Amino acid sequence: QHAHEAPPAHVRTVMLVGFPMAPWRKPQGSALFWPMQLDLELRIIDLLKDAGYEVLYKAHPDRLKEIEGIFNEKAKVIKEPFEQVFGIADALVFPVIRTTAFNFGLCTKKPVVGLIMHDEYPPPLPEPMALLKKRCHLLYTHFDEKGRVVFDGEELKEALAKSPEVPDMEFVEKYLFP
């Protein structure tokens with residue numbers, strides 16, 4: 001569907017695709033406890049704003065009540081479904097790649113950055129991961145001594161500063177649309 005789109009000329013607007021901040025949701029992987037993700041997302045937004053990007057926070061449409069007022073002063077909060085609004089951003093950042101929006105984002109020509117735990121469990125399969133790394137920038141995270149999810153902010157800024165190119169779609173063609 002998005003095969004004929006061109007990548008953006010440069011990245012000015014970044015959409016951070018938010019985690020569903022449901023207090024009852026059971027973590028299904030490393031660092032998927034909502035307070036950890038909230039802390040991570042707030043720090044990513046601050047870094048992106050400090051780097052001069054316009055930041056859009058794509059709230060999970062089923063969890064608007066839980067994030068009400070938290071992001072309003074930090075970013076423009078987008079409430080509509082991702083599939084309807086992804087086009088307003090030049091690049092997409094996914095603090096969690098275990099979301100249906102991530103797969104949709106991979107199908108676009110936009111630069112995509114996904115965060116993934118260094119010691120993710122269960123560990124990703126090598127072949128799909130190699131193809132995924134050709135499509136998007138995977139930024140590895142880890143826990144610090146306080147249990148916070150940490151990432152290399154300079155690496156995130158470098159990934160977004162690169163001149164966007166037509167992305168390699170082999171992962172999409174092999175695993176999403178075989």
# chains A, B, ... in the order shown; residues from 1 in each chain; ligands from 1
$ residues_around --residues "range 87-99 of chain A" --least-positions-apart "5" --cutoff "6 Å" --atoms "only C-alpha atoms" --output "ChimeraX atom specification"
/A:8,11,13-17,110-115
$ write_last_selection --atoms "C-alpha atoms" --output "PDB file, in the first residue's frame"
ATOM      1  CA  PRO A   8      11.052  12.082   3.747  1.00  0.00           C
ATOM      2  CA  VAL A  11      13.612  14.252   9.688  1.00  0.00           C
ATOM      3  CA  THR A  13       9.029  15.577  13.147  1.00  0.00           C
ATOM      4  CA  VAL A  14       9.330  12.358  15.161  1.00  0.00           C
ATOM      5  CA  MET A  15       6.396  10.274  16.325  1.00  0.00           C
ATOM      6  CA  LEU A  16       7.018   8.342  19.524  1.00  0.00           C
ATOM      7  CA  VAL A  17       4.544   5.447  19.566  1.00  0.00           C
ATOM      8  CA  LYS A 110       9.770   6.348   6.912  1.00  0.00           C
ATOM      9  CA  PRO A 111      12.881   5.899   9.043  1.00  0.00           C
ATOM     10  CA  VAL A 112      12.013   3.602  11.943  1.00  0.00           C
ATOM     11  CA  VAL A 113      13.870   3.210  15.224  1.00  0.00           C
ATOM     12  CA  GLY A 114      12.884   0.390  17.544  1.00  0.00           C
ATOM     13  CA  LEU A 115      14.185  -0.138  21.057  1.00  0.00           C
TER      14      LEU A 115
END
$ residues_around --residues "range 66-82 of chain A" --least-positions-apart "4" --cutoff "6 Å" --atoms "only C-alpha atoms" --output "PDB file with C-alpha atoms, in the first residue's frame"
ATOM      1  CA  VAL A  55       7.822  15.419  18.934  1.00  0.00           C
ATOM      2  CA  LEU A  56       4.434  13.793  18.492  1.00  0.00           C
ATOM      3  CA  TYR A  57       3.337  11.353  21.177  1.00  0.00           C
ATOM      4  CA  LYS A  58       1.087   8.691  19.666  1.00  0.00           C
ATOM      5  CA  ALA A  59      -1.012   7.575  22.615  1.00  0.00           C
ATOM      6  CA  PRO A  61      -6.153   4.687  21.690  1.00  0.00           C
ATOM      7  CA  PHE A  86       1.519   7.971  10.856  1.00  0.00           C
TER       8      PHE A  86
END
$ residues_around --residues "Ala161 in chain A" --least-positions-apart "6" --cutoff "10 Å" --atoms "only C-alpha atoms" --output "ChimeraX atom specification"
/A:10-12,51,155
$ residues_around --residues "Tyr140 in chain A" --least-positions-apart "2" --cutoff "10 Å" --atoms "only C-alpha atoms" --output "ChimeraX atom specification"
/A:114-120,137-138,142,150-152,155
$ write_last_selection --atoms "all heavy atoms" --output "tab-separated table (two decimals), in the first residue's frame"
chain	number	residue	atom	x	y	z
A	114	GLY	N	13.54	1.22	16.54
A	114	GLY	CA	12.88	0.39	17.54
A	114	GLY	C	13.84	0.10	18.67
A	114	GLY	O	15.01	-0.19	18.43
A	115	LEU	N	13.36	0.18	19.90
A	115	LEU	CA	14.18	-0.14	21.06
A	115	LEU	C	13.92	-1.58	21.47
A	115	LEU	O	12.77	-2.03	21.44
A	115	LEU	CB	13.89	0.81	22.21
A	115	LEU	CG	14.57	2.18	22.14
A	115	LEU	CD1	14.00	3.04	21.04
A	115	LEU	CD2	14.49	2.89	23.46
A	116	ILE	N	14.98	-2.28	21.81
A	116	ILE	CA	14.88	-3.68	22.21
A	116	ILE	C	15.91	-3.95	23.30
A	116	ILE	O	17.03	-3.43	23.24
A	116	ILE	CB	15.07	-4.61	20.99
A	116	ILE	CG1	14.87	-6.08	21.37
A	116	ILE	CG2	16.39	-4.38	20.30
A	116	ILE	CD1	14.79	-7.01	20.17
A	117	MET	N	15.51	-4.73	24.29
A	117	MET	CA	16.43	-5.07	25.37
A	117	MET	C	17.60	-5.88	24.84
A	117	MET	O	17.43	-6.74	23.97
A	117	MET	CB	15.72	-5.87	26.46
A	117	MET	CG	14.74	-5.06	27.29
A	117	MET	SD	15.45	-3.67	28.20
A	117	MET	CE	16.44	-4.50	29.42
A	118	HIS	N	18.78	-5.60	25.35
A	118	HIS	CA	19.98	-6.32	24.93
A	118	HIS	C	19.84	-7.82	25.15
A	118	HIS	O	20.21	-8.62	24.31
A	118	HIS	CB	21.21	-5.77	25.66
A	118	HIS	CG	22.47	-6.49	25.33
A	118	HIS	ND1	23.07	-6.40	24.10
A	118	HIS	CD2	23.21	-7.36	26.06
A	118	HIS	CE1	24.14	-7.16	24.07
A	118	HIS	NE2	24.25	-7.76	25.25
A	119	ASP	N	19.32	-8.20	26.30
A	119	ASP	CA	19.12	-9.61	26.61
A	119	ASP	C	17.63	-9.94	26.55
A	119	ASP	O	17.06	-10.45	27.51
A	119	ASP	CB	19.69	-9.94	28.00
A	119	ASP	CG	21.19	-9.84	28.03
A	119	ASP	OD1	21.83	-10.24	27.03
A	119	ASP	OD2	21.74	-9.36	29.03
A	120	GLU	N	17.01	-9.63	25.44
A	120	GLU	CA	15.57	-9.86	25.26
A	120	GLU	C	15.24	-11.33	25.47
A	120	GLU	O	15.97	-12.22	25.04
A	120	GLU	CB	15.15	-9.43	23.86
A	120	GLU	CG	13.66	-9.48	23.61
A	120	GLU	CD	12.86	-8.48	24.42
A	120	GLU	OE1	13.37	-7.37	24.69
A	120	GLU	OE2	11.72	-8.81	24.78
A	137	HIS	N	16.49	0.82	12.35
A	137	HIS	CA	17.58	0.91	13.32
A	137	HIS	C	17.08	0.34	14.64
A	137	HIS	O	16.11	0.84	15.21
A	137	HIS	CB	18.02	2.36	13.50
A	137	HIS	CG	19.22	2.47	14.37
A	137	HIS	ND1	20.50	2.43	13.87
A	137	HIS	CD2	19.34	2.59	15.71
A	137	HIS	CE1	21.36	2.51	14.87
A	137	HIS	NE2	20.67	2.62	16.00
A	138	LEU	N	17.73	-0.71	15.11
A	138	LEU	CA	17.40	-1.25	16.42
A	138	LEU	C	18.38	-0.71	17.44
A	138	LEU	O	19.59	-0.83	17.29
A	138	LEU	CB	17.45	-2.78	16.41
A	138	LEU	CG	16.32	-3.46	15.63
A	138	LEU	CD1	16.47	-4.96	15.67
A	138	LEU	CD2	14.96	-3.04	16.14
A	142	HIS	N	19.26	-1.58	28.07
A	142	HIS	CA	19.57	-2.46	29.19
A	142	HIS	C	19.07	-1.80	30.46
A	142	HIS	O	18.60	-0.66	30.43
A	142	HIS	CB	21.07	-2.76	29.25
A	142	HIS	CG	21.92	-1.55	29.46
A	142	HIS	ND1	22.32	-0.72	28.43
A	142	HIS	CD2	22.43	-1.01	30.59
A	142	HIS	CE1	23.04	0.27	28.91
A	142	HIS	NE2	23.12	0.13	30.21
A	150	VAL	N	17.72	1.96	30.11
A	150	VAL	CA	18.60	3.01	29.59
A	150	VAL	C	18.98	2.69	28.15
A	150	VAL	O	18.97	1.53	27.73
A	150	VAL	CB	19.86	3.20	30.47
A	150	VAL	CG1	19.47	3.77	31.82
A	150	VAL	CG2	20.62	1.92	30.65
A	151	PHE	N	19.29	3.73	27.42
A	151	PHE	CA	19.63	3.63	26.01
A	151	PHE	C	20.69	4.65	25.68
A	151	PHE	O	20.92	5.59	26.45
A	151	PHE	CB	18.38	3.85	25.13
A	151	PHE	CG	17.80	5.24	25.27
A	151	PHE	CD1	18.08	6.22	24.35
A	151	PHE	CD2	16.98	5.55	26.34
A	151	PHE	CE1	17.57	7.51	24.48
A	151	PHE	CE2	16.44	6.83	26.48
A	151	PHE	CZ	16.73	7.80	25.54
A	152	ASP	N	21.31	4.50	24.54
A	152	ASP	CA	22.34	5.43	24.09
A	152	ASP	C	21.66	6.58	23.34
A	152	ASP	O	21.24	6.42	22.19
A	152	ASP	CB	23.33	4.69	23.19
A	152	ASP	CG	24.51	5.55	22.76
A	152	ASP	OD1	24.39	6.80	22.75
A	152	ASP	OD2	25.55	4.96	22.42
A	155	GLU	N	23.21	7.56	20.02
A	155	GLU	CA	22.89	6.64	18.93
A	155	GLU	C	21.50	6.93	18.37
A	155	GLU	O	21.29	6.88	17.15
A	155	GLU	CB	22.98	5.19	19.42
A	155	GLU	CG	22.75	4.18	18.32
A	155	GLU	CD	22.85	2.73	18.80
A	155	GLU	OE1	23.37	2.47	19.90
A	155	GLU	OE2	22.39	1.87	18.04
$ closest_residue --among "A:Met169, A:Asn103, A:Pro7, A:Gly18" --to "Leu64 in chain A" --atoms "only C-alpha atoms"
A:Gly18
